[in-house]
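Enquirer: One file is attached below, model-v9.cif, containing mmCIF, C-alpha atoms.
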data_input
#
loop_
_atom_site.label_atom_id
_atom_site.label_comp_id
_atom_site.auth_asym_id
_atom_site.auth_seq_id
_atom_site.Cartn_x
_atom_site.Cartn_y
_atom_site.Cartn_z
CA MET A 22 181.05 222.73 218.04
CA ALA A 23 177.30 222.60 217.58
CA LEU A 24 174.48 224.34 219.39
CA LYS A 25 171.43 222.53 220.73
CA SER A 26 167.95 224.06 220.58
CA TYR A 27 165.02 223.04 222.76
CA ARG A 28 161.32 222.58 222.23
CA PRO A 29 159.47 225.53 223.84
CA ILE A 30 157.61 223.42 226.37
CA THR A 31 158.37 225.95 229.11
CA PRO A 32 159.08 229.70 228.87
CA SER A 33 162.73 229.12 229.80
CA ASN A 34 163.18 226.86 226.75
CA ARG A 35 161.62 229.22 224.23
CA TYR A 36 164.80 230.77 222.85
CA LYS A 37 167.41 228.59 224.53
CA LEU A 38 170.54 227.76 222.51
CA LEU A 39 173.16 225.90 224.50
CA PRO A 40 176.36 224.02 223.54
CA ALA A 41 175.86 220.41 222.53
CA PHE A 42 179.27 219.44 224.01
CA ASP A 43 179.87 217.00 221.13
CA GLU A 44 183.62 217.58 221.25
CA ILE A 45 183.94 216.82 224.98
CA THR A 46 185.51 213.40 225.58
CA ALA A 47 185.94 213.40 229.40
CA SER A 48 183.52 214.41 232.13
CA LYS A 49 186.01 214.66 235.02
CA PRO A 50 189.14 216.85 235.01
CA GLU A 51 192.68 215.71 235.78
CA LYS A 52 192.87 215.88 239.58
CA SER A 53 196.57 216.78 239.73
CA LEU A 54 195.98 219.86 237.54
CA CYS A 55 193.09 221.31 239.57
CA ARG A 56 193.36 223.92 242.29
CA PRO A 57 190.79 225.51 244.66
CA LEU A 58 189.20 228.69 243.37
CA LYS A 59 188.12 231.20 245.99
CA LYS A 60 185.41 233.72 245.14
CA SER A 61 185.69 237.35 246.18
CA GLY A 62 182.18 238.51 245.30
CA GLY A 63 183.78 241.55 243.65
CA ARG A 64 185.30 242.71 246.95
CA ASN A 65 188.86 243.78 247.64
CA ASN A 66 191.03 243.02 250.69
CA ARG A 67 189.11 245.64 252.68
CA GLY A 68 185.76 244.06 252.01
CA ARG A 69 184.55 246.82 249.73
CA ILE A 70 182.87 246.10 246.41
CA THR A 71 185.25 247.24 243.68
CA CYS A 72 183.64 245.21 240.85
CA ARG A 73 179.87 245.31 240.84
CA HIS A 74 177.40 242.62 239.74
CA ARG A 75 179.44 239.65 240.98
CA GLY A 76 178.44 237.05 243.53
CA GLY A 77 176.99 233.58 243.97
CA GLY A 78 177.41 231.08 241.18
CA HIS A 79 178.34 227.43 241.02
CA LYS A 80 181.44 226.19 242.78
CA ARG A 81 184.43 225.71 240.47
CA LYS A 82 187.93 224.31 240.41
CA TYR A 83 190.67 226.11 238.54
CA ARG A 84 192.48 224.14 235.81
CA LEU A 85 196.19 224.85 235.45
CA VAL A 86 196.63 225.65 231.75
CA ASP A 87 200.12 225.70 230.24
CA PHE A 88 200.36 229.02 228.39
CA LYS A 89 204.18 228.96 228.17
CA ARG A 90 204.72 225.56 226.47
CA ASN A 91 208.24 225.34 227.94
CA ARG A 92 208.99 221.73 227.04
CA ARG A 93 210.77 222.20 223.74
CA ASP A 94 211.10 219.55 221.03
CA GLU A 95 209.12 216.98 223.01
CA VAL A 96 206.13 215.25 221.48
CA ALA A 97 202.95 215.03 223.56
CA LYS A 98 199.79 213.08 222.83
CA VAL A 99 196.29 214.51 223.21
CA LEU A 100 194.34 212.38 225.69
CA THR A 101 191.04 214.25 226.10
CA ILE A 102 189.14 217.39 225.14
CA GLU A 103 187.49 218.84 228.26
CA TYR A 104 185.15 221.60 229.39
CA ASP A 105 186.63 224.41 231.46
CA PRO A 106 184.16 226.46 233.53
CA ASN A 107 186.70 229.30 233.90
CA ARG A 108 187.02 230.16 230.19
CA THR A 109 184.99 230.12 226.98
CA ALA A 110 187.46 227.88 225.13
CA ARG A 111 187.81 224.12 225.51
CA ILE A 112 191.03 222.67 226.94
CA ALA A 113 192.99 219.62 225.87
CA LEU A 114 194.80 217.25 228.22
CA ILE A 115 198.17 216.22 226.78
CA GLU A 116 200.72 213.69 228.04
CA TYR A 117 204.48 213.70 227.38
CA GLY A 118 206.69 210.67 227.01
CA ASP A 119 207.75 210.70 230.69
CA GLY A 120 204.12 210.64 231.86
CA GLN A 121 203.79 214.33 232.75
CA ARG A 122 200.40 215.80 231.88
CA SER A 123 199.29 219.36 231.26
CA TYR A 124 196.39 221.33 229.84
CA ILE A 125 196.56 223.50 226.72
CA ILE A 126 193.90 225.57 224.97
CA ALA A 127 192.20 223.33 222.41
CA PRO A 128 192.31 224.85 218.90
CA LYS A 129 189.78 224.13 216.20
CA GLY A 130 190.34 220.72 214.61
CA LEU A 131 192.43 219.19 217.40
CA GLN A 132 191.42 215.56 217.93
CA VAL A 133 192.11 212.95 220.60
CA GLY A 134 195.21 210.95 219.67
CA ALA A 135 196.90 213.80 217.82
CA GLU A 136 200.52 214.66 218.57
CA VAL A 137 201.58 218.20 219.47
CA SER A 138 204.95 219.71 220.28
CA SER A 139 206.66 223.00 221.02
CA GLY A 140 209.88 224.38 219.53
CA GLU A 141 211.45 225.83 216.41
CA LYS A 142 211.29 222.46 214.63
CA ALA A 143 207.68 221.70 215.54
CA ALA A 144 205.19 220.98 212.76
CA VAL A 145 202.94 223.81 211.62
CA LYS A 146 199.65 222.18 212.60
CA PRO A 147 196.89 222.97 215.16
CA GLY A 148 198.08 222.71 218.76
CA CYS A 149 201.81 223.06 218.09
CA ALA A 150 203.71 226.07 219.46
CA LEU A 151 206.49 227.80 217.55
CA PRO A 152 208.37 231.12 217.75
CA LEU A 153 207.06 233.78 215.40
CA SER A 154 210.33 233.57 213.48
CA ALA A 155 209.53 229.98 212.44
CA ILE A 156 205.86 230.40 211.54
CA PRO A 157 205.02 231.05 207.85
CA THR A 158 203.42 234.42 207.13
CA GLY A 159 199.67 234.29 206.62
CA THR A 160 199.22 231.63 209.31
CA THR A 161 196.41 231.94 211.86
CA ILE A 162 197.75 231.75 215.41
CA HIS A 163 196.48 232.00 218.97
CA ASN A 164 197.87 232.12 222.53
CA VAL A 165 200.43 234.70 221.43
CA GLU A 166 203.14 235.98 223.77
CA LEU A 167 203.84 239.70 224.04
CA VAL A 168 207.05 239.23 226.05
CA PRO A 169 209.35 236.28 225.31
CA GLY A 170 208.96 233.58 227.96
CA LYS A 171 206.03 235.22 229.76
CA GLY A 172 203.37 232.96 228.28
CA GLY A 173 200.53 233.54 225.86
CA GLN A 174 198.37 236.60 226.53
CA VAL A 175 196.58 237.33 223.25
CA ALA A 176 193.77 235.39 221.49
CA ARG A 177 192.91 232.83 224.17
CA SER A 178 189.08 232.96 224.18
CA ALA A 179 186.64 230.95 222.06
CA GLY A 180 186.85 231.51 218.30
CA GLN A 181 189.75 233.99 218.51
CA GLY A 182 192.76 234.04 216.23
CA CYS A 183 195.53 236.37 215.06
CA MET A 184 197.11 236.65 211.63
CA LEU A 185 200.90 236.71 211.18
CA SER A 186 201.07 239.20 208.31
CA ASN A 187 204.74 240.11 207.94
CA ARG A 188 208.18 240.32 209.56
CA GLU A 189 210.46 243.34 209.85
CA GLY A 190 213.86 242.58 211.34
CA VAL A 191 213.45 241.17 214.85
CA TYR A 192 209.76 242.05 214.96
CA ALA A 193 206.74 240.34 213.45
CA LEU A 194 203.60 242.22 212.43
CA VAL A 195 200.58 240.47 213.90
CA LYS A 196 196.98 241.46 213.23
CA LEU A 197 195.03 241.02 216.48
CA PRO A 198 191.35 240.00 216.72
CA SER A 199 190.43 243.66 217.34
CA GLY A 200 191.93 244.68 213.99
CA GLU A 201 194.99 246.28 215.57
CA ILE A 202 198.34 245.55 213.89
CA ARG A 203 201.11 245.22 216.44
CA LYS A 204 204.85 244.58 216.47
CA ILE A 205 205.80 241.49 218.50
CA HIS A 206 209.33 240.15 218.92
CA THR A 207 210.03 237.10 216.77
CA ARG A 208 211.31 235.17 219.82
CA CYS A 209 207.77 235.18 221.25
CA TYR A 210 205.92 231.88 220.95
CA ALA A 211 202.45 231.34 219.52
CA SER A 212 200.26 228.31 218.92
CA ILE A 213 198.98 227.34 215.48
CA GLY A 214 195.30 227.53 214.59
CA THR A 215 192.13 229.23 215.79
CA VAL A 216 190.76 228.68 219.28
CA GLY A 217 187.89 226.19 219.21
CA ASN A 218 184.30 226.52 220.43
CA GLY A 219 183.61 229.26 217.88
CA ASP A 220 179.82 229.07 218.34
CA HIS A 221 180.10 230.35 221.90
CA MET A 222 179.07 233.83 220.73
CA ASN A 223 175.69 232.45 219.60
CA VAL A 224 174.73 230.87 222.94
CA VAL A 225 171.38 232.11 224.33
CA SER A 226 170.81 231.49 228.04
CA ALA A 227 167.06 232.23 227.78
CA LYS A 228 166.63 232.72 231.52
CA ALA A 229 168.11 234.80 234.29
CA GLY A 230 168.90 231.76 236.44
CA ARG A 231 171.64 230.53 234.14
CA THR A 232 173.36 233.90 234.45
CA ARG A 233 173.23 233.59 238.23
CA TRP A 234 174.83 230.14 238.01
CA GLN A 235 177.76 231.85 236.28
CA GLY A 236 178.25 234.20 239.22
CA ILE A 237 176.75 237.31 237.59
CA ARG A 238 174.28 239.35 239.65
CA PRO A 239 171.56 241.63 238.20
CA THR A 240 172.39 245.06 236.78
CA VAL A 241 169.99 247.90 237.55
CA ARG A 242 169.83 250.93 235.23
CA GLY A 243 170.92 254.24 236.72
CA MET A 244 167.76 255.91 235.41
CA CYS A 245 165.69 253.74 237.73
CA MET A 246 167.55 254.98 240.81
CA ASN A 247 167.21 258.08 242.93
CA PRO A 248 169.57 261.06 242.51
CA VAL A 249 171.33 260.11 245.74
CA ASP A 250 172.23 256.72 244.28
CA HIS A 251 173.22 257.57 240.70
CA PRO A 252 173.91 260.68 238.59
CA ASN A 253 171.30 259.54 236.05
CA GLY A 254 168.59 259.01 238.67
CA GLY A 255 165.60 261.12 239.61
CA GLY A 256 163.05 263.08 237.61
CA GLU A 257 159.29 262.76 237.30
CA GLY A 258 158.95 259.66 235.18
CA LYS A 259 161.21 259.58 232.14
CA SER A 260 162.37 263.13 232.58
CA LYS A 261 164.51 264.80 229.94
CA SER A 262 165.44 267.80 232.02
CA GLY A 263 165.83 267.34 235.75
CA GLY A 264 167.11 263.80 235.93
CA GLY A 265 167.33 260.48 234.20
CA ARG A 266 168.14 261.71 230.70
CA GLN A 267 171.24 263.81 231.16
CA HIS A 268 174.57 262.72 229.69
CA LEU A 269 175.37 259.11 230.54
CA LYS A 270 177.58 258.84 233.56
CA SER A 271 178.98 256.11 235.73
CA PRO A 272 177.81 255.74 239.37
CA TRP A 273 180.81 257.90 240.34
CA GLY A 274 179.95 260.74 237.97
CA HIS A 275 182.46 260.03 235.19
CA VAL A 276 181.13 260.75 231.69
CA LYS A 277 180.89 257.58 229.61
CA GLY A 278 181.99 257.12 226.00
CA GLN A 279 185.39 258.72 226.39
CA LYS A 280 188.64 256.94 225.62
CA THR A 281 190.25 255.50 228.73
CA ARG A 282 193.63 254.51 227.33
CA GLN A 283 196.56 256.53 228.66
CA LYS A 284 197.83 259.19 226.26
CA PHE A 285 201.49 258.29 226.68
CA LYS A 286 202.15 254.59 227.03
CA ALA A 287 205.37 252.66 226.40
CA SER A 288 203.61 250.07 224.25
CA ASP A 289 202.45 252.75 221.79
CA ALA A 290 205.75 252.26 219.96
CA PHE A 291 204.73 248.72 219.02
CA ILE A 292 201.30 249.59 217.60
CA VAL A 293 201.56 249.97 213.81
CA GLU A 294 197.83 250.46 213.15
CA ARG A 295 195.10 251.16 215.68
CA ARG A 296 191.96 249.08 215.84
CA GLN A 297 189.02 250.47 213.89
CA ASP A 298 185.74 251.50 215.43
CA LYS A 299 182.73 249.31 214.68
CA LYS A 300 181.02 252.22 212.93
CA LYS A 301 183.96 252.66 210.54
CA ARG A 302 184.04 248.94 209.76
CA ARG A 303 180.47 249.11 208.47
#
Please lay out the structure from this file as C-alpha cells.
Expert:
Amino acid sequence: MALKSYRPITPSNRYKLLPAFDEITASKPEKSLCRPLKKSGGRNNRGRITCRHRGGGHKRKYRLVDFKRNRRDEVAKVLTIEYDPNRTARIALIEYGDGQRSYIIAPKGLQVGAEVSSGEKAAVKPGCALPLSAIPTGTTIHNVELVPGKGGQVARSAGQGCMLSNREGVYALVKLPSGEIRKIHTRCYASIGTVGNGDHMNVVSAKAGRTRWQGIRPTVRGMCMNPVDHPNGGGEGKSKSGGGRQHLKSPWGHVKGQKTRQKFKASDAFIVERRQDKKKRR
C-alpha cells in the first residue's frame, strides 16, 4: 500500500497523507455479503451515552467476514481486493468451487487470482489457514483463534502479525503484537502472513471534517470545563492549585494511569510473558 500526498493549495491539503488505494480492484462490495449497520451514537438501550465522542459519520454497510474458515481442504480463488469502511485492513473476496463466496482479511502479498485454502494440509502461504500444530515455528500469522472453533480474535487490524515461536505439548507459544507471549491450544486455527495495509498508521487526515466523516465527535479537555462538569475543571486560568492541574482524572473521578486489568483472571494461566511498557522498550 502506498500513501498519496497533496499539493498545499488549500489549508486542508497542507499535511494530508491519504491511502492511494492501489491494491483495490473492485469499487462495489458483494451484495449478498453486506448487512445493514445501525448506529447507536454511543448510547445504550436506555438512551444514555455510555461511550462518548461518537455520532454522525457516513452511512456504512457491514461486510460479513469469515473469521472461522470452516470449509476445510477446499480451494478458493481470490476474486477481488476491496476496501472495508468498518476496519483498517483490506478484505479479499474469495469463491469456492461450488460458487459460494466469502470475505477474508487480505494479508500482505495476496493477489487477485491466487488460491487459498483452510485445513491441516493447506499450503503455508499468505491467505491460507492452518491449525497451529501444522504451522512451522517462526512463521508470521494473523487472525489467530484463542478458543478452537470460535474464530480469529487476535491480529486482525492493518499491519498486525503474530509470531509462532515454539510448541510445548498441546500448546503453542505465540508472541502477540503487544509483545506478550501467550499459550494457545494447537487446535486453534490461524492464517499465514501479516495483515495488509501496513501504512495505515502513517495516514494524516489534515482536517477535522474527515474525522467527523468517520463518526468521531470532538473531544474537549477536562481542564477547559467547570468544576461541576469535570474533576479537572475550574481555577483562575491555568491554575496549579485550586483546579485544572490536579491529578488527572476521568469525568467520573477515577484516577487515570492505573492498571485496569483484573488481578485474578482465568486467562492469566496462559500468559507466559507480559507485554512490556513502551518506556522499557526504549
Enquirer: So which residues get picked by the PyMOL selection byres ((chain A and resi 230-246) around 7) here, written as a list in words?
Expert: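 Answer for the PyMOL selection byres ((chain A and resi 230-246) around 7): His74, Arg75, Gly76, Gly77, Gly78, His79, Ser226, Lys228, Ala229, Asn247, Pro248, Asp250, His251, Asn253, Gly254, Gly255 and Gly265 of chain A.
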Enquirer: Excluding Gly180 in chain A and residues on its chain fewer than 6 positions from it, collect all residues at most 7 Å away from it, counting all atoms listed in the file, and give them as a list of chain:residue names.
Expert: A:Thr215, A:Val216, A:Gly217, A:Asn218, A:Gly219
Enquirer: Report as JSON lines: every residue of range 129-225 of chain A with an atom at most 12 Å from range 41-45 of chain A, its closest pair of atoms, and their distance in Å to one decimal, counting all atoms listed in the file, with rows sorted by chain and ascending residue number.
Expert:
{"residue": "A:Lys129", "atom": "CA", "partner": "A:Glu44", "partner_atom": "CA", "distance": 10.3}
{"residue": "A:Gly130", "atom": "CA", "partner": "A:Glu44", "partner_atom": "CA", "distance": 10.0}
{"residue": "A:Leu131", "atom": "CA", "partner": "A:Glu44", "partner_atom": "CA", "distance": 9.7}
{"residue": "A:Gln132", "atom": "CA", "partner": "A:Glu44", "partner_atom": "CA", "distance": 8.7}
{"residue": "A:Val133", "atom": "CA", "partner": "A:Glu44", "partner_atom": "CA", "distance": 9.7}
{"residue": "A:Gly217", "atom": "CA", "partner": "A:Glu44", "partner_atom": "CA", "distance": 9.8}
{"residue": "A:Asn218", "atom": "CA", "partner": "A:Glu44", "partner_atom": "CA", "distance": 9.0}
{"residue": "A:Asp220", "atom": "CA", "partner": "A:Ala41", "partner_atom": "CA", "distance": 10.4}
{"residue": "A:His221", "atom": "CA", "partner": "A:Ala41", "partner_atom": "CA", "distance": 10.8}
{"residue": "A:Val224", "atom": "CA", "partner": "A:Ala41", "partner_atom": "CA", "distance": 10.5}
Enquirer: For range 192-195 of chain A, work out the shell of residues within 6 Å, counting all atoms listed in the file and skipping chain neighbours fewer than 5 positions away, then give it as a list in words.
Expert: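 Here the answer would be Met184, Leu185, Ser186, Asn187, Ile202, Arg203, Lys204, Ile205, His206 and Thr207 of chain A.
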Enquirer: So what do you get for CA of Asp94 in chain A versus CA of Arg56 in chain A, distance-wise?
Expert: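 Separating CA of Asp94 in chain A from CA of Arg56 in chain A is a distance of 28.0 Å.
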Enquirer: Taking the file above as input, evaluate the PyMOL selection byres ((chain A and resi 116) around 9) and report the hits as a PyMOL selection string.
Expert: chain A and resi 96-100+114-115+117-124
Enquirer: So, counting all atoms listed in the file, which residue among A:Leu58, A:Cys209, A:Leu153, A:Ile292 is closest to Lys80 in chain A?
Expert: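 Nearest to Lys80 in chain A: A:Leu58.
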Enquirer: Identify, on the basis of all atoms listed in the file, every residue whose closest approach to Ser139 in chain A does not exceed 8 Å; exclude the query and any residue fewer than 2 positions from it along the same chain; express the result as a list in words.
Expert: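 These residues fall inside the cut-off: Arg90, Asn91, Arg92, Arg93, Asp94, Glu95, Val96, Val137, Glu141, Lys142, Ala143, Cys149, Ala150 and Leu151 of chain A.
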Enquirer: Just to be explicit: take each residue in the selection above, keep C-alpha atoms, and write the result as an mmCIF file, in the coordinates of the input.
Expert:
data_model
loop_
_atom_site.group_PDB
_atom_site.id
_atom_site.type_symbol
_atom_site.label_atom_id
_atom_site.label_comp_id
_atom_site.auth_asym_id
_atom_site.auth_seq_id
_atom_site.Cartn_x
_atom_site.Cartn_y
_atom_site.Cartn_z
ATOM 1 C CA ARG A 90 204.720 225.560 226.470
ATOM 2 C CA ASN A 91 208.240 225.340 227.940
ATOM 3 C CA ARG A 92 208.990 221.730 227.040
ATOM 4 C CA ARG A 93 210.770 222.200 223.740
ATOM 5 C CA ASP A 94 211.100 219.550 221.030
ATOM 6 C CA GLU A 95 209.120 216.980 223.010
ATOM 7 C CA VAL A 96 206.130 215.250 221.480
ATOM 8 C CA VAL A 137 201.580 218.200 219.470
ATOM 9 C CA GLU A 141 211.450 225.830 216.410
ATOM 10 C CA LYS A 142 211.290 222.460 214.630
ATOM 11 C CA ALA A 143 207.680 221.700 215.540
ATOM 12 C CA CYS A 149 201.810 223.060 218.090
ATOM 13 C CA ALA A 150 203.710 226.070 219.460
ATOM 14 C CA LEU A 151 206.490 227.800 217.550
#
Enquirer: For each of A:Glu294, A:Asn223, A:Ile126, A:Glu201, take the minimum atom-to-atom distance to Lys37 in chain A, counting all atoms listed in the file, then give the residue where this is smallest.
Expert: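 The closest residue to Lys37 in chain A is A:Asn223.
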Enquirer: Mind pulling up the distance from CA of Ala23 in chain A to CA of Ala47 in chain A?
Expert: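 Between CA of Ala47 in chain A and CA of Ala23 in chain A the gap works out to 17.3 Å.
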Enquirer: Between CA of Ile102 in chain A and CA of Ala127 in chain A, measure the distance and give it in Å to one decimal.
Expert: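 Interatomic distance, CA of Ile102 in chain A to CA of Ala127 in chain A: 7.2 Å.
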Enquirer: What would the selection look like, as a compact mmCIF listing (two decimals) with C-alpha atoms, in the frame of the given file, if the PyMOL selection byres ((chain A and resi 167) around 10) were run on the coordinates I just shared?
Expert:
# COMPACT_ATOMS: atom_id res chain seq x y z
CA ASN A 164 197.87 232.12 222.53
CA VAL A 165 200.43 234.70 221.43
CA GLU A 166 203.14 235.98 223.77
CA VAL A 168 207.05 239.23 226.05
CA PRO A 169 209.35 236.28 225.31
CA GLY A 170 208.96 233.58 227.96
CA LYS A 171 206.03 235.22 229.76
CA GLY A 172 203.37 232.96 228.28
CA GLY A 173 200.53 233.54 225.86
CA GLN A 174 198.37 236.60 226.53
CA VAL A 175 196.58 237.33 223.25
CA ARG A 203 201.11 245.22 216.44
CA LYS A 204 204.85 244.58 216.47
CA ILE A 205 205.80 241.49 218.50
CA HIS A 206 209.33 240.15 218.92
CA THR A 207 210.03 237.10 216.77
CA ARG A 208 211.31 235.17 219.82
CA CYS A 209 207.77 235.18 221.25
CA TYR A 210 205.92 231.88 220.95
CA ALA A 211 202.45 231.34 219.52
Enquirer: Under the rule that all atoms listed in the file are counted, which of A:Val293, A:Leu54, A:Leu269, A:Leu85 is the nearest residue to Gly200 in chain A?
Expert: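 When distances to Gly200 in chain A are compared using all atoms listed in the file, the smallest one comes from A:Val293.
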Enquirer: Which protein, DNA or RNA residues are at most 6 Å from (171.7, 226.0, 221.3) in the file's coordinates when you count all atoms listed in the file, listed as a ChimeraX atom specification?
Expert: /A:24-26,37-40,224
